[in-house]
Amino acid sequence: MKGIKLNGKWQFKSRKDQDWLEAYVPGTLYTDLLKLGKMKDPFYGENEEEVKALSELDYEYKRSFEVSEALLTQDKIVLECKGIDTIAEIFINKQSVGKTQNMHRTYEFDVKGILEVGMNEIHIIIDSPLQYIKQKDEEKSLWGVSSTVPGYQHIRKAHCAFGWDWGPQLPDMGIFREIAIKAYSEARVTDLYVKQQHSTDGVRLGIEVEIEKLTSKELLVECQISDAKGQMVAHTYEAANDLTAFNINIEDPELWWPNGYGKQPLYEVKVILKNEDKECDVLRKRIGLRTLRIKKEKDQWGEGFCFEINGLSIFALGANYIPEDNLLGRNTLERTRKILETCIRSNFNCIRVWGGAYYAEDYFYDLCDELGLIVWQDFMFACAVYNLTEDFKDNIMAEFEDNIRRLRNHASLGLWCGNNEMESAWCYWGLPEDQKLRLDYLKMFEEILPEMVRKFDPQRFYWPSSPSSGGGFCEPSSQDKGDAHYWDVWHGKKPFEDFENQYFRFASEYGFQSFPSMKTIRTFAEEKDFNIYSPVMEQHQKCIDNGHGNATIMYYMAQYYPYPKNFEMTLYASQILQGDCLKVAIEHWRRNRGRCMGSTYWQLNDCWPVASWATIDYFGRWKASQYYVKRAYAPVLISAKAEEGGCSLYITNDTLEVFKGEVSCQIVHQTKGVLHEEVFGVTAESLSVRHMITIPYQQYITNRSDERNIYIVYKLYSDKGCISSDTLLLVKPKQFEFKETGLKVDIVEYEDHFEIKVKSDVFARRIGIEFKEIDTILEDNYFDVYPNIVKEVKLMKADLDNDITREMLQDQIKLTSVYDLM
């Protein structure tokens, strides 16, 4: 195959302007305008509205490219557009070659009769998405969430580009993925699909090769399969047909496992299309050998819902992923790698690609394959009502086929899910009654989509909506089966402890908001804005559906913590509060392993600097809650719950090995010292949870002062030292009588890391380590320190710039504890 890449420098302008400007493809309108200094930073201050107005205009892009005579001799020549956002018409040499109407699709247009030898020009006109949805909304208004621009469901563009309750209304546009001319003769491989059948004798691969033939000659398909080390393990030749299907056996297969359960070996399937000894085309796919399904079996609680991989039922530990930037032109492989490596560092084995955005880049799924993250993949529909016209149906069916084909060979792809929260919206949210639109929902997500999955990816599980108990508008928030979203904590203002009353089979959404760090806030606000109710801070808070988000944070803060003394302490307290919330929920569901088999909290990341549910902010900085999640997702976890009769300790073992270790538990009074101590050995079977002991503490409480001074320290040890620990307070933190800490810190340098040693004269709660300018990730953070016991925290040099010295760290380090709130 021959071709011409059309990435690189282009020219662009709004259709009302005369002067052409320089653009870069792949990219977007906003990223180009920012580079040229023609647009304000949309994330700074209150610039959002001014920048949004730019998307009221139509734009055009153009560039020239040279075509050789040899290329024109090829049998077929196409223009391949992997991502145009969104409503566009494409011209080559002033002739229209096609239109696009869906950013989620790959378009291919025949251009053989249009190209000329020498210089050619491609010209793309992109219509305003805001004008488009305004017109469509006037023609037929449809229900959608209030934080977005009305009419967003009429266009197949990332819904969150029009706003969400964590994202700005910045509907960027442009050529955001690769664009190229491709030419070929005789034949080409158009697709490759690999099915798997596992047995005790190995794995039988069912290879399906789709071919477009442009010749009557007999062609041959050569298939080579190589293991993770690059060694060929299978090789065959087959006669080429439009659909060439054959089987190949893999003996002694190396199985692919999610993070925490084994390795992630990837095999390469290489298909070579030949005319005698000449190669016509080559296509490669990487696969992982594994069985993966959703296990739904009847049990004493109803019907289970869990990932079963290679015959093993696992507890899914993860979060919901949204776009990494509202400006798609700024996405990079390196940025995505850092986010997904954060997931691995935090003990994730699963990630949900949420349905209000866009299908992620190919490298996202490649990284999930390599790292061992099972992908819960939504189709791109969320929180809206859709009008299923014939044109819309044709459009989305093409979208489904494109993306199912693109992603179906990935080892990490765990399930397809029809949409986000639309079944529950029809059942519980008071949508306008419209029988036709209600039936449209059923046709889209319970007829068309499952049939498309059966046709193009028959070995993958399909789930109609999230949350759902299986479809048909039958109790989509059931605790007895399916998955659940739980928002009574936050939107319903119920206390964190209410999580412990919920026994979902798979908790696929829940969460709590916090503010980002001061370093992040300084990127969009000035000192005069440092009040959470200032216009700028409220502009960077998009949760308005059920009361203002900042007020909700402060409502919960009033329930649990003393009122912070200043703006910076408010930021710190909000992050501690968010961590407390996630800890309660995660530990509860992990204590109920077997009944609940999944936790994907809302949300992992941000698309701009904002107050939100994210545990990693827009710049990749870990909030306090990310460290809480890392501890709560520990493979072997000790957790405590204050129950009638005392403090109950539980151990959750999500590893494949029997755990043998030791538990230490102390009841401590701040002034009287250790009141009671238990040390005992413990054994926990693999993939299990058990209650270990209930330690009574009521006998030590004689008055309110005792309640406000007693804390319970519990630790779990393996042969590697303490692997899980925390502290249980008998009262809410705002009622506890914290003492001035007298914190001391020292930093020691080693060959590959620094050791941060923290010591306190008294019990110190949730010590946060920050550096004034340096960004990094610590081994642990926002932890408790006990009197005169040194807490040692590793800081790997690989997580720092090369020129960072011990002296710089010592000079920039800052410690904060709950005591500092007051």
# chains A, B, ... in the order shown; residues from 1 in each chain; ligands from 1
$ residues_around --residues "Thr236 of chain A" --least-positions-apart "5" --cutoff "10 Å" --atoms "only C-alpha atoms" --output "ChimeraX atom specification"
/A:221-225,246-248,271
$ write_last_selection --atoms "all heavy atoms" --output "mmCIF file, in the first residue's frame"
data_model
loop_
_atom_site.group_PDB
_atom_site.id
_atom_site.type_symbol
_atom_site.label_atom_id
_atom_site.label_comp_id
_atom_site.auth_asym_id
_atom_site.auth_seq_id
_atom_site.Cartn_x
_atom_site.Cartn_y
_atom_site.Cartn_z
ATOM 1 N N VAL A 221 -3.152 -15.686 1.729
ATOM 2 C CA VAL A 221 -3.009 -15.066 3.047
ATOM 3 C C VAL A 221 -1.984 -15.863 3.845
ATOM 4 O O VAL A 221 -2.146 -17.072 4.036
ATOM 5 C CB VAL A 221 -4.348 -15.036 3.809
ATOM 6 C CG1 VAL A 221 -4.126 -14.626 5.263
ATOM 7 C CG2 VAL A 221 -5.319 -14.077 3.138
ATOM 8 N N GLU A 222 -0.944 -15.193 4.273
ATOM 9 C CA GLU A 222 0.029 -15.798 5.182
ATOM 10 C C GLU A 222 -0.218 -15.233 6.575
ATOM 11 O O GLU A 222 -0.341 -14.011 6.740
ATOM 12 C CB GLU A 222 1.456 -15.488 4.754
ATOM 13 C CG GLU A 222 2.503 -16.068 5.694
ATOM 14 C CD GLU A 222 3.930 -15.684 5.305
ATOM 15 O OE1 GLU A 222 4.112 -14.990 4.288
ATOM 16 O OE2 GLU A 222 4.862 -16.068 6.046
ATOM 17 N N CYS A 223 -0.314 -16.093 7.573
ATOM 18 C CA CYS A 223 -0.541 -15.657 8.955
ATOM 19 C C CYS A 223 0.613 -16.130 9.833
ATOM 20 O O CYS A 223 0.927 -17.326 9.865
ATOM 21 C CB CYS A 223 -1.865 -16.208 9.484
ATOM 22 S SG CYS A 223 -2.241 -15.677 11.161
ATOM 23 N N GLN A 224 1.230 -15.190 10.506
ATOM 24 C CA GLN A 224 2.320 -15.485 11.439
ATOM 25 C C GLN A 224 1.898 -15.041 12.837
ATOM 26 O O GLN A 224 1.397 -13.927 13.004
ATOM 27 C CB GLN A 224 3.594 -14.739 11.037
ATOM 28 C CG GLN A 224 4.094 -15.025 9.651
ATOM 29 C CD GLN A 224 5.260 -14.124 9.268
ATOM 30 O OE1 GLN A 224 5.731 -13.311 10.061
ATOM 31 N NE2 GLN A 224 5.737 -14.263 8.033
ATOM 32 N N ILE A 225 2.104 -15.905 13.818
ATOM 33 C CA ILE A 225 1.789 -15.548 15.205
ATOM 34 C C ILE A 225 3.061 -15.654 16.026
ATOM 35 O O ILE A 225 3.732 -16.688 16.028
ATOM 36 C CB ILE A 225 0.685 -16.449 15.787
ATOM 37 C CG1 ILE A 225 -0.595 -16.299 14.955
ATOM 38 C CG2 ILE A 225 0.419 -16.106 17.244
ATOM 39 C CD1 ILE A 225 -1.748 -17.142 15.411
ATOM 40 N N PHE A 246 -9.898 -19.231 9.233
ATOM 41 C CA PHE A 246 -9.155 -20.459 9.495
ATOM 42 C C PHE A 246 -8.796 -20.500 10.979
ATOM 43 O O PHE A 246 -8.934 -19.506 11.700
ATOM 44 C CB PHE A 246 -7.893 -20.537 8.627
ATOM 45 C CG PHE A 246 -7.023 -19.307 8.690
ATOM 46 C CD1 PHE A 246 -5.977 -19.208 9.593
ATOM 47 C CD2 PHE A 246 -7.265 -18.243 7.832
ATOM 48 C CE1 PHE A 246 -5.183 -18.083 9.650
ATOM 49 C CE2 PHE A 246 -6.474 -17.098 7.887
ATOM 50 C CZ PHE A 246 -5.438 -17.018 8.795
ATOM 51 N N ASN A 247 -8.353 -21.661 11.437
ATOM 52 C CA ASN A 247 -7.996 -21.859 12.840
ATOM 53 C C ASN A 247 -6.506 -22.112 12.980
ATOM 54 O O ASN A 247 -5.881 -22.734 12.119
ATOM 55 C CB ASN A 247 -8.763 -23.036 13.439
ATOM 56 C CG ASN A 247 -10.262 -22.797 13.455
ATOM 57 O OD1 ASN A 247 -10.713 -21.694 13.744
ATOM 58 N ND2 ASN A 247 -11.031 -23.832 13.137
ATOM 59 N N ILE A 248 -5.940 -21.629 14.098
ATOM 60 C CA ILE A 248 -4.547 -21.901 14.443
ATOM 61 C C ILE A 248 -4.501 -22.275 15.918
ATOM 62 O O ILE A 248 -5.114 -21.594 16.753
ATOM 63 C CB ILE A 248 -3.646 -20.677 14.186
ATOM 64 C CG1 ILE A 248 -3.559 -20.374 12.696
ATOM 65 C CG2 ILE A 248 -2.246 -20.895 14.756
ATOM 66 C CD1 ILE A 248 -2.653 -19.214 12.343
ATOM 67 N N VAL A 271 -0.836 -10.648 9.467
ATOM 68 C CA VAL A 271 -1.451 -11.177 8.259
ATOM 69 C C VAL A 271 -0.810 -10.492 7.056
ATOM 70 O O VAL A 271 -0.771 -9.249 6.988
ATOM 71 C CB VAL A 271 -2.969 -10.958 8.266
ATOM 72 C CG1 VAL A 271 -3.560 -11.247 6.901
ATOM 73 C CG2 VAL A 271 -3.630 -11.842 9.316
#
$ residues_around --residues "Leu373 of chain A" --least-positions-apart "6" --cutoff "8 Å" --atoms "only C-alpha atoms" --output "mmCIF file with N, CA and C atoms, in the first residue's frame"
data_model
loop_
_atom_site.group_PDB
_atom_site.id
_atom_site.type_symbol
_atom_site.label_atom_id
_atom_site.label_comp_id
_atom_site.auth_asym_id
_atom_site.auth_seq_id
_atom_site.Cartn_x
_atom_site.Cartn_y
_atom_site.Cartn_z
ATOM 1 N N PRO A 258 -5.212 -9.527 34.441
ATOM 2 C CA PRO A 258 -5.272 -8.144 34.905
ATOM 3 C C PRO A 258 -4.240 -7.887 36.003
ATOM 4 N N ASN A 259 -3.953 -6.620 36.234
ATOM 5 C CA ASN A 259 -2.974 -6.223 37.231
ATOM 6 C C ASN A 259 -3.264 -6.882 38.581
ATOM 7 N N PHE A 348 -5.161 -0.496 40.823
ATOM 8 C CA PHE A 348 -6.319 -0.710 39.965
ATOM 9 C C PHE A 348 -6.125 -1.984 39.138
ATOM 10 N N ASN A 349 -7.238 -2.586 38.769
ATOM 11 C CA ASN A 349 -7.231 -3.623 37.733
ATOM 12 C C ASN A 349 -8.302 -3.360 36.677
ATOM 13 N N CYS A 350 -8.972 -2.204 36.773
ATOM 14 C CA CYS A 350 -10.131 -1.936 35.919
ATOM 15 C C CYS A 350 -10.259 -0.437 35.699
ATOM 16 N N ILE A 351 -10.812 -0.051 34.556
ATOM 17 C CA ILE A 351 -11.110 1.356 34.296
ATOM 18 C C ILE A 351 -12.340 1.431 33.392
ATOM 19 N N SER A 412 -7.622 -6.163 26.869
ATOM 20 C CA SER A 412 -8.151 -5.436 28.027
ATOM 21 C C SER A 412 -9.642 -5.165 27.939
#
$ residues_around --residues "segment 743-759 of chain A" --least-positions-apart "5" --cutoff "10 Å" --atoms "only C-alpha atoms" --output "PyMOL selection string"
chain A and resi 764+767+769+778-779+785-800+805-807+809-810+813-817
$ select_by_dssp --residues "segment 452-677 of chain A" --states "alpha helix (DSSP H)" --output "MDAnalysis selection string"
chainID A and resid 452:456 518:521 535:539 549:560 567:591 624:632
$ closest_residue --among "A:Ile553, A:Ser346, A:Glu361, A:Leu442" --to "Trp622 of chain A" --atoms "only C-alpha atoms"
A:Ser346
$ select_by_dssp --residues "segment 388-619 of chain A" --states "strand (DSSP E or B)" --output "PyMOL selection string"
chain A and resi 413-417+420+461-463+466+468+483-485+507-509+514+541+545+547+593+596+598-601+611-612+616
$ closest_residue --among "A:Asp325, A:Asp277, A:Glu49, A:Glu238" --to "Thr28 of chain A" --atoms "only C-alpha atoms"
A:Asp325
$ residues_around --residues "segment 696-713 of chain A" --least-positions-apart "3" --cutoff "7 Å" --atoms "only C-alpha atoms" --output "list of chain:residue names"
A:Gly645, A:Gly646, A:Cys647, A:Cys665, A:Gln666, A:Ile667, A:Val668, A:His669, A:Gln670, A:Asp726, A:Thr727, A:Leu728, A:Leu729, A:Leu730, A:Val731, A:Gln735, A:Phe736, A:Glu737
$ residues_around --residues "Asp483 of chain A" --least-positions-apart "2" --cutoff "8 Å" --atoms "only C-alpha atoms" --output "ChimeraX atom specification"
/A:305,466-469,477-478,481,485,504-508
$ residues_around --residues "Ser724 of chain A" --least-positions-apart "5" --cutoff "9 Å" --atoms "only C-alpha atoms" --output "list in words"
Arg631, Ala632, Ala634, Val636, Leu637, Ile638, Ser639, Tyr714, Lys715, Leu716 and Tyr717 of chain A
$ write_last_selection --atoms "N, CA, C and O atoms" --output "PDB file, in the first residue's frame"
ATOM      1  N   ARG A 631      -4.419   3.086  49.263  1.00  0.00           N
ATOM      2  CA  ARG A 631      -4.426   2.261  50.480  1.00  0.00           C
ATOM      3  C   ARG A 631      -5.665   1.369  50.538  1.00  0.00           C
ATOM      4  O   ARG A 631      -5.592   0.191  50.921  1.00  0.00           O
ATOM      5  N   ALA A 632      -6.824   1.928  50.164  1.00  0.00           N
ATOM      6  CA  ALA A 632      -8.070   1.163  50.245  1.00  0.00           C
ATOM      7  C   ALA A 632      -8.133   0.051  49.200  1.00  0.00           C
ATOM      8  O   ALA A 632      -8.854  -0.927  49.378  1.00  0.00           O
ATOM      9  N   ALA A 634      -5.496  -1.738  48.411  1.00  0.00           N
ATOM     10  CA  ALA A 634      -4.354  -2.618  48.661  1.00  0.00           C
ATOM     11  C   ALA A 634      -4.760  -4.074  48.441  1.00  0.00           C
ATOM     12  O   ALA A 634      -5.863  -4.491  48.812  1.00  0.00           O
ATOM     13  N   VAL A 636      -3.963  -6.792  49.929  1.00  0.00           N
ATOM     14  CA  VAL A 636      -4.382  -7.347  51.218  1.00  0.00           C
ATOM     15  C   VAL A 636      -4.653  -6.157  52.133  1.00  0.00           C
ATOM     16  O   VAL A 636      -3.760  -5.343  52.398  1.00  0.00           O
ATOM     17  N   LEU A 637      -5.877  -6.044  52.599  1.00  0.00           N
ATOM     18  CA  LEU A 637      -6.342  -4.855  53.302  1.00  0.00           C
ATOM     19  C   LEU A 637      -6.846  -5.203  54.689  1.00  0.00           C
ATOM     20  O   LEU A 637      -7.608  -6.153  54.856  1.00  0.00           O
ATOM     21  N   ILE A 638      -6.437  -4.400  55.663  1.00  0.00           N
ATOM     22  CA  ILE A 638      -7.073  -4.459  56.976  1.00  0.00           C
ATOM     23  C   ILE A 638      -7.981  -3.249  57.091  1.00  0.00           C
ATOM     24  O   ILE A 638      -7.606  -2.134  56.711  1.00  0.00           O
ATOM     25  N   SER A 639      -9.205  -3.457  57.541  1.00  0.00           N
ATOM     26  CA  SER A 639     -10.140  -2.346  57.724  1.00  0.00           C
ATOM     27  C   SER A 639     -10.853  -2.506  59.053  1.00  0.00           C
ATOM     28  O   SER A 639     -10.963  -3.611  59.592  1.00  0.00           O
ATOM     29  N   TYR A 714      -4.618   0.285  64.103  1.00  0.00           N
ATOM     30  CA  TYR A 714      -4.601  -1.108  63.677  1.00  0.00           C
ATOM     31  C   TYR A 714      -3.652  -1.249  62.480  1.00  0.00           C
ATOM     32  O   TYR A 714      -3.633  -0.422  61.575  1.00  0.00           O
ATOM     33  N   LYS A 715      -2.848  -2.312  62.527  1.00  0.00           N
ATOM     34  CA  LYS A 715      -1.825  -2.522  61.510  1.00  0.00           C
ATOM     35  C   LYS A 715      -1.765  -3.992  61.117  1.00  0.00           C
ATOM     36  O   LYS A 715      -1.970  -4.874  61.957  1.00  0.00           O
ATOM     37  N   LEU A 716      -1.474  -4.203  59.837  1.00  0.00           N
ATOM     38  CA  LEU A 716      -1.322  -5.562  59.315  1.00  0.00           C
ATOM     39  C   LEU A 716       0.106  -5.721  58.795  1.00  0.00           C
ATOM     40  O   LEU A 716       0.585  -4.909  57.999  1.00  0.00           O
ATOM     41  N   TYR A 717       0.768  -6.785  59.258  1.00  0.00           N
ATOM     42  CA  TYR A 717       2.159  -7.025  58.892  1.00  0.00           C
ATOM     43  C   TYR A 717       2.287  -8.307  58.077  1.00  0.00           C
ATOM     44  O   TYR A 717       1.619  -9.304  58.355  1.00  0.00           O
TER      45      TYR A 717
END
$ atom_distance --atom1 "atom CA of Pro635 of chain A" --atom2 "atom CA of Ala316 of chain A"
11.5 Å
$ atom_distance --atom1 "atom CA of Thr190 of chain A" --atom2 "atom CA of Met232 of chain A"
23.6 Å
$ closest_atom_pairs --of "segment 338-424 of chain A" --to "segment 437-441 of chain A" --cutoff "9 Å" --atoms "only C-alpha atoms" --output "CSV"
residue,atom,partner,partner_atom,distance
A:Val385,CA,A:Leu437,CA,7.1
A:Tyr386,CA,A:Leu437,CA,6.9
A:Asn387,CA,A:Leu437,CA,6.2
A:Leu388,CA,A:Asp440,CA,5.7
A:Met422,CA,A:Tyr441,CA,8.4
A:Glu423,CA,A:Tyr441,CA,8.2
$ write_last_selection --atoms "C-alpha atoms" --output "PDB file, in the first residue's frame"
ATOM      1  CA  VAL A 385     -33.065  11.390  25.248  1.00  0.00           C
ATOM      2  CA  TYR A 386     -32.398  10.593  21.569  1.00  0.00           C
ATOM      3  CA  ASN A 387     -34.709  10.808  18.582  1.00  0.00           C
ATOM      4  CA  LEU A 388     -34.151   7.697  16.454  1.00  0.00           C
ATOM      5  CA  MET A 422     -30.269   6.596  30.526  1.00  0.00           C
ATOM      6  CA  GLU A 423     -32.313   3.612  31.653  1.00  0.00           C
TER       7      GLU A 423
END
